[in-house]
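J.: Supplied in structure tokens, the structure appears directly below.
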Amino acid sequence: MAETTWVLTKRADQTFADEFLVTPERVGGPVKGYSIRKKRLHGGLADGVDVVTVDNGVLQFHVLPTRGMGIWKATVGGEPLGWQSPVCGPVHPCFVPLSDPSGLGWLDGFDEWLVRCGLESNGAPEFDEAGRLRYGLHGRIANKPAHHVEVRADGETGVITVVGIVDETRFHFFKLRMTTSIATRVGTTQLEIRDCVENLSDSPTDIQMLYHVNFGPPLLGPGAEVVAPVKNLVPRNGHSANGVADWARYAAPQAGAQEQVYFFELQADERHGTSVLLKNAQGTRGVSMQFDTRQLPCFTLWKNTISEADGYVTGLEPATNYPNPRSFESREGRTVRLQPRARCTFDLVVQAHASAEDVARAEQGVKALQKLEPTVHPIPQPHWCPDA
Amino acid sequence: MAETTWVLTKRADQTFADEFLVTPERVGGPVKGYSIRKKRLHGGLADGVDVVTVDNGVLQFHVLPTRGMGIWKATVGGEPLGWQSPVCGPVHPCFVPLSDPSGLGWLDGFDEWLVRCGLESNGAPEFDEAGRLRYGLHGRIANKPAHHVEVRADGETGVITVVGIVDETRFHFFKLRMTTSIATRVGTTQLEIRDCVENLSDSPTDIQMLYHVNFGPPLLGPGAEVVAPVKNLVPRNGHSANGVADWARYAAPQAGAQEQVYFFELQADERHGTSVLLKNAQGTRGVSMQFDTRQLPCFTLWKNTISEADGYVTGLEPATNYPNPRSFESREGRTVRLQPRARCTFDLVVQAHASAEDVARAEQGVKALQKLEPTVHPIPQPHWCPDA
Amino acid sequence: MAETTWVLTKRADQTFADEFLVTPERVGGPVKGYSIRKKRLHGGLADGVDVVTVDNGVLQFHVLPTRGMGIWKATVGGEPLGWQSPVCGPVHPCFVPLSDPSGLGWLDGFDEWLVRCGLESNGAPEFDEAGRLRYGLHGRIANKPAHHVEVRADGETGVITVVGIVDETRFHFFKLRMTTSIATRVGTTQLEIRDCVENLSDSPTDIQMLYHVNFGPPLLGPGAEVVAPVKNLVPRNGHSANGVADWARYAAPQAGAQEQVYFFELQADERHGTSVLLKNAQGTRGVSMQFDTRQLPCFTLWKNTISEADGYVTGLEPATNYPNPRSFESREGRTVRLQPRARCTFDLVVQAHASAEDVARAEQGVKALQKLEPTVHPIPQPHWCPDA
């Protein structure tokens, strides 16, 4: 009887909890020192956004059912893991014009630490021959509300889980369902995300998924570094190519700096596991991410070293593909075919490292994966970059 | 003093009832066994949607003030009259991108049993010469919230009525008001809908209306049949033409099946009344609809015999026109001109038949209208079909 | 300790007051006879709109935090200063399709007395070479909710102030913040609006602002007149040119009348202050506006003498520019450059005149500014009008 479950939102029977609090007292068992709290925000762009806040005693994070179960903010020991977007959210989807003819409306709501891009498409805007928007930037899933939300706590093991179900559906077109489980253990600095995407249709379909995980100060700063077991690296465009020698290091914030983007194929262990690490300049703080290269074969690094006011940030982005326009990626075979009623699963572990020892250990882990010499392409490559 | 009225929403004085319940005890009079209930839904795509549920003892239906007074679901004896859309709503209009450049955003909210299409336009998307959306699929009215809602109950006659007022207004362009009255009598299986559309402008305008009434299992299934007093029948396109010999019968659900659409002119009695019937394969259940061919001269049958997961459904659609692009219909004279401050009225009666006897009686009624031989055009026709 | 402040909305700590009332009793001090009331509207298009209503004993007005701190309605002695739009709002931004490909979706929410147009752009829709919307009509600021709202009352001086902060932000593109202070003094008929627009970015940007202040009956009517210290007047188009001789006077409402628009450069006093007046036909009621021609060098007069049902209205519009497409205005130098973190301020005083004496005094004030003969251009001019 270890685990207790509370359903906060359930469409079928109109369950909905406006405010909610789980404490060790309610759960029972020996584990103490945690909480799960749910509330609805009011006022401004956040009006009507639901937030589930988990505090495992060391790691605090805020899940957004209203925004596709994205993770808004996270802190370890009070220090933010994420970034400060110039968009001050969380932003209710009704204020995010996904259908803006420019295809860029998604940016009006972009301030999460971890935001999923997908499910029909996840890349740059694409237009049809008449100039009409066909796929908006980064897709729809981050602006779809969960119709089912539950939280679980296990007083014996200290495992806390937030579960949500989010549909991306257009009659006649796509019928996709994502069931996410976001789990942590009391006293750790680790999150385990398991997303299951199901094709509810009786016709096959193709999906994409990208985890846009974003880091800013204090972790990010001049001298901060990415460590990744590179097999192939390709700069997205000429401006990114200019910085390819320094792809792994970060410059100081600079007003007006243009983003640089690198596409990777990563090396993995025999079980297809891989890992990437972002560490601060001193090597005393870091965050690493583990994933399976069969599930998420493409990795993108987004370096946006603009001034802090404009969003000094880097994105570490494991994905099914590169965030190019959907049709290009489709031609390159970088979509996931889902047969009728079929599912695919994505696992992503995110771990914060709060000491030099922890960072060093994580770095060793990444470096152990680097068995072959990396191939660093100096310029954009065909099959990787639409304009190459 | 038979009828009692409760105002649930009234813009002028900011009346708004979050939750509401009418019972026979509150109404008085000899009639018992009914209820009218109002609530607001929370969570998921339904967040903020108001629902008025009427239970007349036999027939239950849910009216959606937030979605233009559409009727979400209806059941008789616990059996659904409608369908199960892959869109699981009801969907708040803030999640329906009517302005999507594709013109197809309306489909994100489509899961009602009875949904009105209109009022400026009601058909397929239309674009201007620059490729910009001019008229989105099925118009705006289903995603406009009612600013006035009242319910009435008469304890003597057992008549229950839900009244709503919905405006479709764009400054400089259109100023349309729909006042709907949806009535039923306790213990019957019949709904009477009367919609009055008014041109609030001092300039004339042209409107369209289509009642998109949708049926799925258990009523719909292989062998289910439509009975209609056909004068002329025209298949919309080549694919529909392929099935014209079987226009009245339904195939089993089939994954990937393409929709077929037929346009009708119907025969009517001397008072311009006509009737169509949908009956199940066994002839033991059915729904018929009665309307006036002066008000609703065009009838469209939509057969979407795709798999159940994708929305196995048929639409019986009495309308002022065929759901072609607005400009085509306008050229063919199939819009309703409303002079300044003028109104037009649409009456639609929907009746469920719950026994073989009832179905047979309804079928006799429809067949009695068939005085002339039907003309079934084997292919799309000019003036009916834009591509013919 | 004269002034008391109440924070009604504050993003940082999730302060939000659903309902709120300030009375002289709560404030203290000798001044009596006023109130500040906050509520949230429910139902219809207004669902979720917050309204702050100030009654200074003589002047009542409703500020809309949910709609960019616009002023919905105002009355003096029970008589409306504004107009009756065919759009019956206030309309929640979720029902305003700013991204509509036509660029005209803004009109779905247009019913305020005073609505700001801006901040990235404020004029007519503009499209890119592919026909895609680039700048929608009148910009975004009127459909952005304030994330900070506070009210202040001073029981000694009788000054009541409503303060709001509204951001217009798109990641990668613009980061603008408007802080508005709307102040009145108990017993007066005057409003003082001070808007500070800040560029939160570390890159320079260009902004526009236009105050769309709208008047209808009873102030507006046949024979009503605008008095303005004209330096240059240019009709926007041919139809406006036809009416240039009568630019200052209003015709009776006429069904189907087309709007006429005039662009002005105004004369000002040595401190750059200028003033315009709208007075009724009898000269017994009027409203004047004072502003600084360095802040707001362009003035536009919009005459929409259509029937009352369609929105008989005139707009007096002090602005940084003329409401032409953004790129045209930019080429003509009519945008305001904001350096990184820089601010600009706009001051607008609106005063109602409730007697013939008051109106005459205001008119004298305006006429005293008319030192040079006005230049009235009979036709559209290059550099003023895109089509000239």
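Letters A, B, ... go to the chains of the structure tokens in the order shown; residues in each chain start at 1; ligands are counted from 1 in the same order.
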Which chain C residues are at most 8 Å from chain A (counting only C-alpha atoms), as JSON, numbers by chain?
T.: {"C": [9, 10, 11, 14, 16, 66, 93, 94, 99, 100, 101, 130, 131, 132, 133, 134, 144, 145, 146, 147, 148, 169, 170, 171, 172, 175, 200, 201, 202, 203]}
J.: Gly365 of chain B: which residues within 10 Å, counting only C-alpha atoms, same-chain residues fewer than 2 positions away excluded, as a VMD selection string?
T.: chain B and resid 228 to 229 274 to 277 288 359 to 363 367 to 370
J.: Export, as a CSV table (one decimal), in the first residue's frame, the selected residues with all heavy atoms.
T.:
chain,number,residue,atom,x,y,z
B,228,ALA,N,-35.3,10.0,-47.1
B,228,ALA,CA,-35.6,11.5,-47.3
B,228,ALA,C,-36.4,11.6,-48.6
B,228,ALA,O,-36.2,10.8,-49.5
B,228,ALA,CB,-34.2,12.2,-47.5
B,229,PRO,N,-37.2,12.6,-48.6
B,229,PRO,CA,-38.1,12.8,-49.8
B,229,PRO,C,-37.4,13.6,-50.9
B,229,PRO,O,-37.6,14.8,-51.1
B,229,PRO,CB,-39.3,13.6,-49.2
B,229,PRO,CG,-38.7,14.4,-48.1
B,229,PRO,CD,-37.6,13.5,-47.6
B,274,THR,N,-41.0,19.5,-44.4
B,274,THR,CA,-40.3,18.3,-44.9
B,274,THR,C,-39.7,17.5,-43.7
B,274,THR,O,-39.7,18.0,-42.6
B,274,THR,CB,-39.3,18.5,-46.0
B,274,THR,OG1,-39.0,17.3,-46.6
B,274,THR,CG2,-38.0,19.2,-45.5
B,275,SER,N,-39.3,16.3,-44.0
B,275,SER,CA,-38.8,15.5,-42.9
B,275,SER,C,-37.7,14.5,-43.5
B,275,SER,O,-37.9,14.0,-44.6
B,275,SER,CB,-40.0,14.7,-42.3
B,275,SER,OG,-39.5,13.9,-41.2
B,276,VAL,N,-36.7,14.3,-42.7
B,276,VAL,CA,-35.8,13.2,-43.0
B,276,VAL,C,-35.6,12.3,-41.8
B,276,VAL,O,-35.8,12.7,-40.7
B,276,VAL,CB,-34.4,13.8,-43.4
B,276,VAL,CG1,-34.5,14.6,-44.7
B,276,VAL,CG2,-33.8,14.7,-42.3
B,277,LEU,N,-35.2,11.1,-42.1
B,277,LEU,CA,-35.1,10.1,-41.0
B,277,LEU,C,-33.8,9.4,-41.1
B,277,LEU,O,-33.4,9.0,-42.2
B,277,LEU,CB,-36.3,9.1,-41.1
B,277,LEU,CG,-36.2,7.8,-40.3
B,277,LEU,CD1,-36.4,8.1,-38.8
B,277,LEU,CD2,-37.2,6.8,-40.8
B,288,SER,N,-35.6,11.6,-36.5
B,288,SER,CA,-36.1,12.3,-37.6
B,288,SER,C,-36.0,13.8,-37.3
B,288,SER,O,-36.0,14.2,-36.2
B,288,SER,CB,-37.5,11.9,-38.0
B,288,SER,OG,-38.4,12.3,-36.9
B,359,VAL,N,-40.3,4.1,-35.4
B,359,VAL,CA,-39.5,4.3,-36.6
B,359,VAL,C,-40.3,4.2,-37.9
B,359,VAL,O,-40.3,5.0,-38.8
B,359,VAL,CB,-38.3,3.3,-36.6
B,359,VAL,CG1,-37.5,3.4,-38.0
B,359,VAL,CG2,-37.4,3.7,-35.5
B,360,ALA,N,-41.2,3.1,-37.9
B,360,ALA,CA,-42.0,2.9,-39.1
B,360,ALA,C,-42.9,4.0,-39.3
B,360,ALA,O,-43.2,4.5,-40.5
B,360,ALA,CB,-42.8,1.6,-38.8
B,361,ARG,N,-43.5,4.6,-38.3
B,361,ARG,CA,-44.4,5.7,-38.4
B,361,ARG,C,-43.7,6.9,-39.0
B,361,ARG,O,-44.2,7.6,-39.9
B,361,ARG,CB,-45.0,6.0,-37.1
B,361,ARG,CG,-46.3,6.9,-37.2
B,361,ARG,CD,-47.0,7.1,-35.8
B,361,ARG,NE,-47.2,5.8,-35.1
B,361,ARG,CZ,-46.6,5.5,-33.9
B,361,ARG,NH1,-45.9,6.4,-33.3
B,361,ARG,NH2,-46.9,4.4,-33.3
B,362,ALA,N,-42.5,7.2,-38.5
B,362,ALA,CA,-41.7,8.3,-39.0
B,362,ALA,C,-41.4,8.0,-40.5
B,362,ALA,O,-41.4,9.0,-41.3
B,362,ALA,CB,-40.4,8.5,-38.2
B,363,GLU,N,-41.0,6.8,-40.8
B,363,GLU,CA,-40.7,6.5,-42.2
B,363,GLU,C,-41.9,6.7,-43.1
B,363,GLU,O,-41.7,7.3,-44.2
B,363,GLU,CB,-40.2,5.1,-42.3
B,363,GLU,CG,-39.6,4.7,-43.6
B,363,GLU,CD,-38.7,3.5,-43.6
B,363,GLU,OE1,-38.4,2.9,-42.6
B,363,GLU,OE2,-38.3,3.1,-44.7
B,367,LYS,N,-42.1,9.1,-46.4
B,367,LYS,CA,-42.4,8.6,-47.7
B,367,LYS,C,-43.6,9.2,-48.3
B,367,LYS,O,-43.8,9.3,-49.5
B,367,LYS,CB,-42.5,7.1,-47.6
B,367,LYS,CG,-41.2,6.4,-47.4
B,367,LYS,CD,-41.1,4.9,-47.6
B,367,LYS,CE,-39.7,4.4,-47.7
B,367,LYS,NZ,-39.6,3.0,-47.4
B,368,ALA,N,-44.5,9.7,-47.4
B,368,ALA,CA,-45.7,10.3,-47.9
B,368,ALA,C,-45.4,11.6,-48.6
B,368,ALA,O,-46.2,12.2,-49.4
B,368,ALA,CB,-46.7,10.6,-46.7
B,369,LEU,N,-44.2,12.2,-48.3
B,369,LEU,CA,-43.8,13.4,-49.0
B,369,LEU,C,-43.2,13.2,-50.4
B,369,LEU,O,-43.0,14.1,-51.1
B,369,LEU,CB,-42.7,14.1,-48.1
B,369,LEU,CG,-43.1,14.5,-46.7
B,369,LEU,CD1,-41.9,14.9,-45.8
B,369,LEU,CD2,-44.1,15.7,-46.8
B,370,GLN,N,-42.9,11.9,-50.6
B,370,GLN,CA,-42.2,11.6,-51.9
B,370,GLN,C,-43.3,11.5,-53.0
B,370,GLN,O,-43.6,10.4,-53.4
B,370,GLN,CB,-41.4,10.3,-51.7
B,370,GLN,CG,-40.6,9.9,-52.9
B,370,GLN,CD,-39.2,10.5,-52.9
B,370,GLN,OE1,-38.5,10.6,-51.9
B,370,GLN,NE2,-38.8,11.1,-54.0
J.: Taking only segment 84-330 of chain B into account, list the residues labelled alpha helix (DSSP H) by DSSP (computed from the backbone), as a VMD selection string.
T.: chain B and resid 238 to 242 326 to 330
J.: I'd like the contact shell of Arg152 of chain B - 6 Å cut-off, only C-alpha atoms, skipping same-chain residues fewer than 5 positions apart - returned as a PyMOL selection string.
T.: chain B and resi 4-5+160-161
J.: Name the residues of segment 123-171 of chain A that fall into strand (DSSP E) according to DSSP on the backbone, using the chain letters and numbers of this document, as a list of chain:residue names.
T.: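 The strand (DSSP E) subset of segment 123-171 of chain A is A:Glu126, A:Phe127, A:Leu133, A:Arg134, A:Tyr135, A:His148, A:Val149, A:Glu150, A:Val151, A:Arg152, A:Ala153, A:Asp154, A:Val159, A:Ile160, A:Thr161, A:Val162, A:Val163, A:Gly164, A:Ile165, A:Val166, A:Asp167, A:Glu168, A:Thr169, A:Arg170.
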J.: Mind giving me the straight-line distance from atom CA of Thr184 of chain C to atom CA of Gly286 of chain C in Å, one decimal?
T.: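 Computing the Euclidean distance for atom CA of Thr184 of chain C and atom CA of Gly286 of chain C yields 17.8 Å.
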